[in-house]
Structure formats: structure tokens, C-alpha cells
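A.B. asks: Below is the structure I would like to discuss, written out as C-alpha cells.
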Amino acid sequence: MPAAEITRAAPDAAAPEAGEVAVRGSGRLILSSFARNWQARIGIGLVLLIVAFCFLGPVLYRTNQVTVNLNIHDLAPGGGHPLGTDDTGYDVLGRLMLGGQSSLELGFAVSVITTVVGTVYGAVAGLAGGIVDAIMMRVLDTFLAIPALVLLLVLVNIFSPNLIILIALISMLSWLSVARLVRGEVLSLRPRDFVLAARMMGSTRNRLLRRHLLPNAIGVIVVSATFTIADAILYLSTLSFLGLGLPPPHADWGTMLSNGLNDLFDGYWWLVYPPAVLLIITLIAFSLIGDAIRDSLDVRLQRRLPVRTCAWWRRTGRPWRGRKP
Amino acid sequence: MTAYLTRRVGQALAVVVGVMILTFILIHMEPGSAARSILGFRATAARVAIFNNTYGLNEPLYKQFGTYLDQLVHGNFGISYYYQQPVSSLIAQRLPKDIVLVGLSTVLALLIAIPLGIYQAVDRNRISDNLLTGATFTLYAMPTFFVALLLIGLLAVQTHVFPPVAPQNQTVGGMLADPRALVLPVVTLALVTLAGYSRYMRSSVIDTLAQDYLRVVRAKGLPERLVLSRHVLRNSILPVITVVGLSVPNIVGGAVITEDIFNYQGMGQLYYGAAVQHDFPILLGATFIVGIATVVGNLAADIAYGILDPRIRHAGG
């Protein structure tokens, strides 16, 4: 087949001419392309709006979200309750703000923990190489080979759920893919000329990591951190659906949504669609931002590796976040 | 190639053993005991003692693990506490159902996602691409249980087009005999996985479209349709294959939420039930199978790579 011959003739990963200077120049390129990206603008705007809604909202709109009041349960929207009340008499609008707080806090916290732990683990494995790398990767594979949701179910049974525990548990599942990603990136950067040069000049491993490897890998790390926020919120909502989320009086969008779905066919729409819409908008916002960052990185990649960007892709792998549970 | 395969299989074995040890430790850390969850809270101490004795649960953990491994090597997965059936026959009964469910939904998702990704990449940054991006992200952002219940509400409760429950037949043949009931679970799973695949496909095609060999192909006078179907598709499908390979364990592990909602009696339900009921033999057996599937999936993806892309050869490891 002619196609095969032509592709075989194409050189594999072109030798990058990039040194530190070129990379720094492309940093500006990434930023400007990110700022011009409609996805990034919409995503950041939405995230700001939702953060304001959840954290400033309760200051302006005060509701009782602690004690149950069955006298006012399942009220339709209107009167003193713009979005009605739920089956235990909580004001839905106020509860959305409260629920958003825990969902967002969880998302951000998991993302930070995951990124730090995963980056360190992946970087150490990638830089160490040899037997250390092999052992570290097999440990990772072991965790990855157990279905995430099952692992989560068992863990939630062991520890009684509260926000801190849930953050810890969801982080335990999410750092794996980041670690793998960073290791791949470090492996692909290690033989580059500028890294060799830094080594020859006597950089310690620590300095090599901090000054040369991590700054170059920061792009993929940021992309995966953004998507981790969305995934963590989604995990929490799935756990809530199984009744393993935050116990009341704490709230989160997933619990609200799955409680509301019990009454979906009885006409209580205000218990279903508001949390669903907020959850979906939040996740879309983070996905848009992550996607925009990835696109901006591609701008740099296309400049750095003009011939086969796919080769870079194969080596490192984009953040595959697995099937939703 | 042989050296490469040997190394891969060795790694795989290490991972599977690791998975077993980890699962073993984890499930024994769960609060409550198997005897209590099977016999109930009113069981007498004597009956609990008999139960523990029968299943060797009063032995020290390392001994239990040793016994289990010994059984496993002889092809014995143990007997489920709850079902009182050999785990191997339970798994043999349920696994084909998940191959149907997850397999069909993966095929459906790919059939939609691949053309969608190509279309979006060709039309990139135009309005149609942006709208489709919005649509796929919306699908990505919806929790599985929400998609499932919306579909049930719309297509089962209100319009009665499809039944809200998966086929309850015990055999795969019997299930396939009732294809209407399979539609909703399969579509639900396909919808929630579609977004990931189509995003991969889109970026991969964009990468491919920038390649020089496409200029050659066009200069040769090939119609654009053939350029896309022959050259772009084949070159950009590689990353998607990795991703499909990585999702092979899902076929075996099942889809817990979807199966729960549609009462689809697959591995996911078995797994979930076992985790709740402390049914250790099922948990360990299923984890073992999933571990193997993970390893096989990764290997299959690597090999498929080599076949589809002659530039990659694993010669000599």
C-alpha cells in the first residue's frame, strides 16, 4: 500500500532544536494563544461565576441549612423560596450554594494533592530509571488494575465519609494517571540536549528536576490538574448516588441530584434540574479550560516538533482519565 | 519480540499478584464481618463460629492468603458465601453479559466518536466544531446515573419506546433475543464514554492533518474523501486504540452504576454486591480477572499498534 511506504519514509520524532530560551519564548506564545481562545474565556468566566455564587451567595442570601423543617417540605418555587424547598424543608437555592462549596472544595483539594503527589512520584520514577522505576511503575499498575469505583466502595466502607476523608480517598485514585503522565514526560525530556548540557555542567538531580524537567512538563501537568477537578466532582456525585457521599446536614450537588431524582416523575423538577444544571456547567467549565490549555500547548508543540507531533503523543500519552464509573 | 513478550508477561504476573495482595488486605480492613453480613445480626455466636471455621476465616491472614493462592493455582476460585455457588461459575455466567453490554456500547461509542472527531478536526474552530465541542462536553459532564434516569424518564416512562429494565434472561442468547431491552443500558454507557473518544480523535486528526505526507497524497490527486478515509483515519486512530485497550478491564469489571440502575445482572452488580456483603471469594476472583484483563488489554493495544503502524516494532524489546 502506498500509504505505508510514504509514512515509513517520514522521519520519526524530529530532533528538537529547543533549548531553554526557545521554551521560554514559547511560554509567551502559549499564554497569548490561551487568552485568545474562546473556550478558555468562557471556561474561566463560568468558573468565576460559580465560585462567586457558592462562596459569596450565602453572604447575601441567608438560609437555614442545618435544621430540618418538615412544615415547609417540597414547596414549589415562589414566595420566600426562589427555587422551592426539598423533602426536608431546606431552601434549594441556599442548599445549592452550600453544596457547591463542598463540591468545589473537594475538586480543588483533590486536584492540588493529586498534582503534587503524582508529579513527585512520576518525576522520581522517570529520573531514577532502572529497577527503581520498574518497581514504582508496577506499584502504580497494581492500583490501576483494581476498578476505581470498587476500590472507592471498599475504602468508603472502611472510613466513615466526611469531606476530608473523601478528598483523601478520591486523591488516592486520581494521582495514578498524573504520575504516569509526568513520568512519560520526564522520560521524553531526559535525552534532550539541554538536559544533557545541564547534567554536564554538574546539575544535581534535584536542580535538574526543578529547573529543567518540571518547567518543561508543566503544561501536561496543568491540563491534567484541570480535568482532575471535574473528575473528582463527578466521582463525588457517583458516590452520593450510591449513598456513600457526605452525610447530612452537609450537602453536595451529587447528593441533591440523586435525592431529587427519586421524585423526578412526580413533578418536583426544582429538585432535579437546578443541581444538574450547576453540576454540568461546572464540569463543562473546567473541561473547557483544560482543553484550551491543551490546545495552547499544541501551538508550542507544533513549533517545537514540526514533523511528528504524534510521536510525542505516543510516548507521553494525553491524560486518559478512564471510563466514568 | 520473544524477550519483549517475556518481560511483559513477567511484569504482568507481578502486577496481578500485587493486585491480589492489595485486595486481600483491603477487604479484610472493611468493618463488619462476612459472617455477620451473611448470617444476619441475630445469628448466635456458635453459628458465627461455625461459619468462620467452615470458610477458614479464623486463620491468620497470611495463612488465608496462602490457602487462597493455592486454590487459585489449581483453578479453584472458592465458593461464594452469599450465593453458595462456585465463584468460577458465577463469573462464567456474568462475564459474557458484560462483554455484550460494554462491548456493544464501546462499539457504538466508537462508531459515533470517530466520524465525529474527524468532522470536528476538519471543520476545526468553526461554529459546527464549537457546537459539537459543547455537546460532547455536556455529555462528559453528566453523571452516568443522571443520563440513565433521564433516558428512562424520556423513553420508558413517558413514551414507552423501550423497557426501563435490562433483559432479565440468565443466558446471553436469551438476552440478545430481547434487543429492545438492551437499548437503554447500551446507549447510556455509549453516551458517557463517547466524549472521551471523540476528543482524542479530534486532536489526533488535527495532528495528522498537519503532516507533510498528506500534501503528497493530495498532490497525487486523491479525492478528499479518500484522503480522509484512507490516510488520515488510519494514521490518527492509533491513540484511540490505546484508549480502547486501556478500557478492556471495564468490559470485565462491568459498569456498576449502569448495571445497578437497569438491573443488568453483570459483573458490576456482582462486584458491588460482594463489596457490600463481604463476599470475599467473589471480590478476590473478580479482581483477579480484572487484573488479568488490564494486563491483556495493555498488551493487546501495544500489539495492535505494531500491526497498524509499521514504524513501531518491538524488536528485541
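For the C-alpha cells, the naming scheme is as follows: chains receive sequential letters (A, B, ...) according to their order of presentation, residues are indexed from 1 within each chain, and ligands are indexed from 1 in presentation order.
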Identify all residues of segment 29-112 of chain A in strand (DSSP E or B) (DSSP on the backbone) and supply them as a list in words.

C.D. replies: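 Here are the strand (DSSP E or B) residues of segment 29-112 of chain A: Gly78, His81, Thr85 and Asp91 of chain A.
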
A.B. asks: Take the selection from the previous step and output its residues with N, CA and C atoms, as a compact mmCIF listing (two decimals), in the first residue's frame.

C.D. replies:
# COMPACT_ATOMS: atom_id res chain seq x y z
N GLY A 78 -41.14 29.96 44.49
CA GLY A 78 -42.01 31.12 44.64
C GLY A 78 -42.01 31.55 46.10
N HIS A 81 -38.97 31.28 48.76
CA HIS A 81 -38.01 30.29 48.29
C HIS A 81 -37.95 30.29 46.76
N THR A 85 -38.32 24.29 48.13
CA THR A 85 -37.64 23.60 49.22
C THR A 85 -37.60 22.11 48.90
N ASP A 91 -34.07 25.14 51.97
CA ASP A 91 -34.24 26.01 50.81
C ASP A 91 -33.28 25.54 49.71

A.B. asks: Residues near segment 274-281 of chain B, anyone? I mean within 7 Å using only C-alpha atoms, not counting same-chain ones fewer than 3 positions away, as a tab-separated table (two decimals) with N, CA and C atoms, in the first residue's frame.

C.D. replies:
chain	number	residue	atom	x	y	z
A	154	VAL	N	-14.92	0.05	48.76
A	154	VAL	CA	-14.31	-0.62	49.90
A	154	VAL	C	-13.73	0.41	50.87
B	33	SER	N	-18.10	-8.19	59.65
B	33	SER	CA	-17.50	-9.44	59.23
B	33	SER	C	-18.41	-10.13	58.23
B	34	ALA	N	-17.78	-11.03	57.48
B	34	ALA	CA	-18.54	-11.77	56.48
B	34	ALA	C	-19.66	-12.55	57.16
B	37	SER	N	-22.64	-10.35	57.93
B	37	SER	CA	-23.44	-9.85	56.82
B	37	SER	C	-24.14	-10.99	56.08
B	38	ILE	N	-23.64	-12.21	56.18
B	38	ILE	CA	-24.33	-13.32	55.52
B	38	ILE	C	-25.39	-13.90	56.44
B	77	PHE	N	-11.64	-21.00	42.37
B	77	PHE	CA	-11.84	-19.63	42.84
B	77	PHE	C	-12.57	-19.59	44.18
B	78	GLY	N	-12.90	-20.73	44.75
B	78	GLY	CA	-13.63	-20.74	46.01
B	78	GLY	C	-15.13	-20.69	45.79
B	79	ILE	N	-15.85	-20.68	46.89
B	79	ILE	CA	-17.32	-20.70	46.83
B	79	ILE	C	-17.85	-19.43	47.46
B	80	SER	N	-18.78	-18.79	46.75
B	80	SER	CA	-19.35	-17.54	47.25
B	80	SER	C	-20.13	-17.79	48.53
B	81	TYR	N	-19.90	-16.93	49.56
B	81	TYR	CA	-20.64	-17.09	50.82
B	81	TYR	C	-22.12	-16.87	50.60
B	82	TYR	N	-22.43	-15.87	49.80
B	82	TYR	CA	-23.82	-15.45	49.67
B	82	TYR	C	-24.59	-16.36	48.72
B	87	VAL	N	-17.43	-19.57	42.62
B	87	VAL	CA	-17.23	-18.24	42.04
B	87	VAL	C	-16.98	-18.35	40.55
B	270	LEU	N	-22.38	-7.88	40.50
B	270	LEU	CA	-21.79	-8.93	41.32
B	270	LEU	C	-20.73	-8.35	42.26
B	271	TYR	N	-19.88	-7.54	41.66
B	271	TYR	CA	-18.77	-6.90	42.34
B	271	TYR	C	-19.28	-6.00	43.46
B	284	LEU	N	-12.27	-11.33	45.42
B	284	LEU	CA	-10.92	-11.71	45.01
B	284	LEU	C	-10.92	-12.28	43.60
B	285	GLY	N	-11.91	-13.13	43.32
B	285	GLY	CA	-11.97	-13.74	41.99
B	285	GLY	C	-12.15	-12.69	40.91

A.B. asks: Write out as a list in words each polymer residue whose atoms come within 10 Å of Leu166 of chain A, counting only C-alpha atoms; drop sequence neighbours fewer than 5 positions from it.

C.D. replies: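 Selected residues are Leu106, Val110, Leu152, Leu155, Val156, Phe159, Ser160, Pro161, Ser171, Met172, Ala232, Tyr235, Leu236, Leu239, Leu244, Gly245 and Leu246 of chain A.
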
A.B. asks: Within 12 Å of segment 288-303 of chain B, which residues of segment 207-244 of chain B come that close, and what is the closest atom pair and distance in Å for each? Count only C-alpha atoms and give it as a Markdown table.

C.D. replies:
| residue | atom | partner | partner_atom | distance |
| --- | --- | --- | --- | --- |
| B:Ile237 | CA | B:Ala301 | CA | 11.8 |
| B:Leu238 | CA | B:Ala301 | CA | 9.1 |
| B:Pro239 | CA | B:Ala301 | CA | 9.5 |
| B:Val240 | CA | B:Ala301 | CA | 9.7 |
| B:Ile241 | CA | B:Ala301 | CA | 6.3 |
| B:Thr242 | CA | B:Ala301 | CA | 5.3 |
| B:Val243 | CA | B:Ala301 | CA | 8.2 |
| B:Val244 | CA | B:Ala301 | CA | 7.8 |

A.B. asks: Limited to N, CA and C atoms, could you put the picked residues into a file as a PDB file, in the first residue's frame?

C.D. replies:
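Final output, result-v1.pdb:
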ATOM      1  N   ILE B 237      -5.898   7.016  14.193  1.00  0.00           N
ATOM      2  CA  ILE B 237      -6.706   6.168  15.053  1.00  0.00           C
ATOM      3  C   ILE B 237      -5.857   5.507  16.149  1.00  0.00           C
ATOM      4  N   LEU B 238      -4.521   5.626  16.025  1.00  0.00           N
ATOM      5  CA  LEU B 238      -3.651   4.931  16.977  1.00  0.00           C
ATOM      6  C   LEU B 238      -3.891   5.298  18.446  1.00  0.00           C
ATOM      7  N   PRO B 239      -3.934   6.602  18.780  1.00  0.00           N
ATOM      8  CA  PRO B 239      -4.153   6.920  20.196  1.00  0.00           C
ATOM      9  C   PRO B 239      -5.478   6.385  20.705  1.00  0.00           C
ATOM     10  N   VAL B 240      -6.488   6.387  19.830  1.00  0.00           N
ATOM     11  CA  VAL B 240      -7.793   5.883  20.259  1.00  0.00           C
ATOM     12  C   VAL B 240      -7.701   4.400  20.587  1.00  0.00           C
ATOM     13  N   ILE B 241      -6.840   3.704  19.834  1.00  0.00           N
ATOM     14  CA  ILE B 241      -6.689   2.274  20.099  1.00  0.00           C
ATOM     15  C   ILE B 241      -6.104   2.033  21.484  1.00  0.00           C
ATOM     16  N   THR B 242      -5.112   2.857  21.855  1.00  0.00           N
ATOM     17  CA  THR B 242      -4.564   2.720  23.212  1.00  0.00           C
ATOM     18  C   THR B 242      -5.668   2.878  24.234  1.00  0.00           C
ATOM     19  N   VAL B 243      -6.484   3.893  23.999  1.00  0.00           N
ATOM     20  CA  VAL B 243      -7.523   4.199  24.963  1.00  0.00           C
ATOM     21  C   VAL B 243      -8.525   3.052  25.049  1.00  0.00           C
ATOM     22  N   VAL B 244      -8.867   2.485  23.892  1.00  0.00           N
ATOM     23  CA  VAL B 244      -9.777   1.335  23.904  1.00  0.00           C
ATOM     24  C   VAL B 244      -9.115   0.170  24.637  1.00  0.00           C
TER      25      VAL B 244
END

A.B. asks: Using only C-alpha atoms, which chain A residues lie at most 6 Å away from chain B, written as a VMD selection string?

C.D. replies: chain A and resid 138 142 145 158 280 283 to 284

A.B. asks: What's around Leu83 of chain A at 6 Å? Count only C-alpha atoms, leave out sequence neighbours fewer than 3 positions away in its own chain, and write the answer as a ChimeraX atom specification.

C.D. replies: /A:77,92-93

A.B. asks: Would you please work out which residue, of A:Leu48, A:Ala128, A:Ile146, A:Ala179, is nearest to Ile113 of chain A when using only C-alpha atoms?

C.D. replies: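 Closest to Ile113 of chain A of all the choices is A:Ala179.
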
A.B. asks: Can you list every residue in segment 12-134 of chain B that DSSP puts in alpha helix (DSSP H), as a PDB file with C-alpha atoms, in the first residue's frame?

C.D. replies:
ATOM      1  CA  ALA B  12       2.004  -8.688  34.280  1.00  0.00           C
ATOM      2  CA  LEU B  13       2.371 -11.512  36.773  1.00  0.00           C
ATOM      3  CA  ALA B  14       3.910  -9.141  39.312  1.00  0.00           C
ATOM      4  CA  VAL B  15       1.013  -6.752  38.877  1.00  0.00           C
ATOM      5  CA  VAL B  16      -1.613  -9.472  39.245  1.00  0.00           C
ATOM      6  CA  VAL B  17      -0.011 -10.772  42.437  1.00  0.00           C
ATOM      7  CA  GLY B  18       0.194  -7.191  43.732  1.00  0.00           C
ATOM      8  CA  VAL B  19      -3.470  -6.685  42.961  1.00  0.00           C
ATOM      9  CA  MET B  20      -4.395  -9.834  44.857  1.00  0.00           C
ATOM     10  CA  ILE B  21      -2.390  -8.851  47.933  1.00  0.00           C
ATOM     11  CA  LEU B  22      -3.797  -5.330  47.936  1.00  0.00           C
ATOM     12  CA  THR B  23      -7.368  -6.553  47.549  1.00  0.00           C
ATOM     13  CA  PHE B  24      -6.869  -9.114  50.258  1.00  0.00           C
ATOM     14  CA  ILE B  25      -5.602  -6.525  52.720  1.00  0.00           C
ATOM     15  CA  LEU B  26      -8.279  -4.003  51.784  1.00  0.00           C
ATOM     16  CA  ILE B  27     -11.281  -6.264  52.092  1.00  0.00           C
ATOM     17  CA  HIS B  28     -10.127  -7.551  55.441  1.00  0.00           C
ATOM     18  CA  MET B  29      -9.852  -3.969  56.654  1.00  0.00           C
ATOM     19  CA  ALA B  34     -18.540 -11.770  56.478  1.00  0.00           C
ATOM     20  CA  ALA B  35     -20.345 -13.998  58.970  1.00  0.00           C
ATOM     21  CA  ARG B  36     -22.477 -11.131  60.244  1.00  0.00           C
ATOM     22  CA  SER B  37     -23.440  -9.853  56.822  1.00  0.00           C
ATOM     23  CA  ILE B  38     -24.334 -13.318  55.521  1.00  0.00           C
ATOM     24  CA  LEU B  39     -25.967 -14.813  58.621  1.00  0.00           C
ATOM     25  CA  ALA B  45     -22.127 -16.769  68.380  1.00  0.00           C
ATOM     26  CA  ALA B  46     -21.980 -20.500  67.778  1.00  0.00           C
ATOM     27  CA  ARG B  47     -23.246 -20.182  64.211  1.00  0.00           C
ATOM     28  CA  VAL B  48     -20.780 -17.363  63.522  1.00  0.00           C
ATOM     29  CA  ALA B  49     -18.006 -19.589  64.837  1.00  0.00           C
ATOM     30  CA  ILE B  50     -19.123 -22.444  62.584  1.00  0.00           C
ATOM     31  CA  PHE B  51     -19.265 -20.091  59.595  1.00  0.00           C
ATOM     32  CA  ASN B  52     -15.783 -18.768  60.284  1.00  0.00           C
ATOM     33  CA  ASN B  53     -14.495 -22.278  60.747  1.00  0.00           C
ATOM     34  CA  THR B  54     -16.074 -23.549  57.522  1.00  0.00           C
ATOM     35  CA  LEU B  61      -4.476 -13.575  57.324  1.00  0.00           C
ATOM     36  CA  TYR B  62      -1.266 -14.772  55.727  1.00  0.00           C
ATOM     37  CA  LYS B  63      -2.463 -18.366  56.018  1.00  0.00           C
ATOM     38  CA  GLN B  64      -5.820 -17.482  54.456  1.00  0.00           C
ATOM     39  CA  PHE B  65      -3.969 -15.812  51.612  1.00  0.00           C
ATOM     40  CA  GLY B  66      -1.719 -18.814  51.167  1.00  0.00           C
ATOM     41  CA  THR B  67      -4.704 -21.146  51.058  1.00  0.00           C
ATOM     42  CA  TYR B  68      -6.415 -18.889  48.567  1.00  0.00           C
ATOM     43  CA  LEU B  69      -3.392 -18.724  46.258  1.00  0.00           C
ATOM     44  CA  ASP B  70      -3.037 -22.485  46.469  1.00  0.00           C
ATOM     45  CA  GLN B  71      -6.658 -22.915  45.387  1.00  0.00           C
ATOM     46  CA  LEU B  72      -6.239 -20.351  42.649  1.00  0.00           C
ATOM     47  CA  VAL B  73      -3.246 -22.112  41.164  1.00  0.00           C
ATOM     48  CA  VAL B  87     -17.234 -18.240  42.042  1.00  0.00           C
ATOM     49  CA  SER B  88     -15.949 -19.542  38.729  1.00  0.00           C
ATOM     50  CA  SER B  89     -19.456 -20.480  37.592  1.00  0.00           C
ATOM     51  CA  LEU B  90     -20.853 -17.131  38.771  1.00  0.00           C
ATOM     52  CA  ILE B  91     -18.198 -15.296  36.809  1.00  0.00           C
ATOM     53  CA  ALA B  92     -18.672 -17.544  33.805  1.00  0.00           C
ATOM     54  CA  GLN B  93     -22.359 -16.706  33.902  1.00  0.00           C
ATOM     55  CA  ARG B  94     -21.925 -12.941  34.189  1.00  0.00           C
ATOM     56  CA  LEU B  95     -18.827 -12.174  32.190  1.00  0.00           C
ATOM     57  CA  PRO B  96     -20.413 -12.787  28.760  1.00  0.00           C
ATOM     58  CA  LYS B  97     -23.203 -10.387  29.668  1.00  0.00           C
ATOM     59  CA  ASP B  98     -20.704  -7.632  30.269  1.00  0.00           C
ATOM     60  CA  ILE B  99     -18.930  -8.401  27.057  1.00  0.00           C
ATOM     61  CA  VAL B 100     -22.301  -7.788  25.411  1.00  0.00           C
ATOM     62  CA  LEU B 101     -23.090  -4.621  27.357  1.00  0.00           C
ATOM     63  CA  VAL B 102     -19.709  -2.903  27.447  1.00  0.00           C
ATOM     64  CA  GLY B 103     -18.611  -4.329  24.120  1.00  0.00           C
ATOM     65  CA  LEU B 104     -21.704  -3.095  22.282  1.00  0.00           C
ATOM     66  CA  SER B 105     -21.578   0.294  23.963  1.00  0.00           C
ATOM     67  CA  THR B 106     -17.873   0.705  23.154  1.00  0.00           C
ATOM     68  CA  VAL B 107     -18.514  -0.175  19.523  1.00  0.00           C
ATOM     69  CA  LEU B 108     -21.444   2.235  19.411  1.00  0.00           C
ATOM     70  CA  ALA B 109     -19.407   4.990  21.055  1.00  0.00           C
ATOM     71  CA  LEU B 110     -16.542   4.469  18.598  1.00  0.00           C
ATOM     72  CA  LEU B 111     -18.895   4.406  15.606  1.00  0.00           C
ATOM     73  CA  ILE B 112     -20.163   7.832  16.640  1.00  0.00           C
ATOM     74  CA  ALA B 113     -16.956   9.281  18.066  1.00  0.00           C
ATOM     75  CA  ILE B 114     -14.573   8.510  15.202  1.00  0.00           C
ATOM     76  CA  PRO B 115     -16.552  10.215  12.423  1.00  0.00           C
ATOM     77  CA  LEU B 116     -17.416  12.998  14.858  1.00  0.00           C
ATOM     78  CA  GLY B 117     -13.775  13.554  15.744  1.00  0.00           C
ATOM     79  CA  ILE B 118     -12.743  13.608  12.076  1.00  0.00           C
ATOM     80  CA  TYR B 119     -15.556  16.003  11.191  1.00  0.00           C
ATOM     81  CA  GLN B 120     -14.674  18.320  14.060  1.00  0.00           C
ATOM     82  CA  ALA B 121     -10.989  18.278  13.194  1.00  0.00           C
ATOM     83  CA  VAL B 122     -11.621  19.038   9.518  1.00  0.00           C
ATOM     84  CA  ILE B 127     -19.192  27.124  14.543  1.00  0.00           C
ATOM     85  CA  SER B 128     -20.126  23.483  13.922  1.00  0.00           C
ATOM     86  CA  ASP B 129     -16.967  22.324  15.704  1.00  0.00           C
ATOM     87  CA  ASN B 130     -17.605  24.625  18.637  1.00  0.00           C
ATOM     88  CA  LEU B 131     -21.205  23.483  18.971  1.00  0.00           C
ATOM     89  CA  LEU B 132     -20.178  19.841  18.873  1.00  0.00           C
ATOM     90  CA  THR B 133     -17.454  20.546  21.437  1.00  0.00           C
ATOM     91  CA  GLY B 134     -20.107  21.995  23.706  1.00  0.00           C
TER      92      GLY B 134
END

A.B. asks: Skip Leu98 of chain A itself and residues of its chain fewer than 3 positions away, then list as an MDAnalysis selection string all residues within 10 Å of it, counting only C-alpha atoms.

C.D. replies: chainID A and resid 53:55 57:58 65 92:95 101:103 250:253

A.B. asks: Separation of atom CA of Leu279 of chain A and atom CA of Ser237 of chain A, in Å?

C.D. replies: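 Between atom CA of Leu279 of chain A and atom CA of Ser237 of chain A the gap works out to 9.1 Å.
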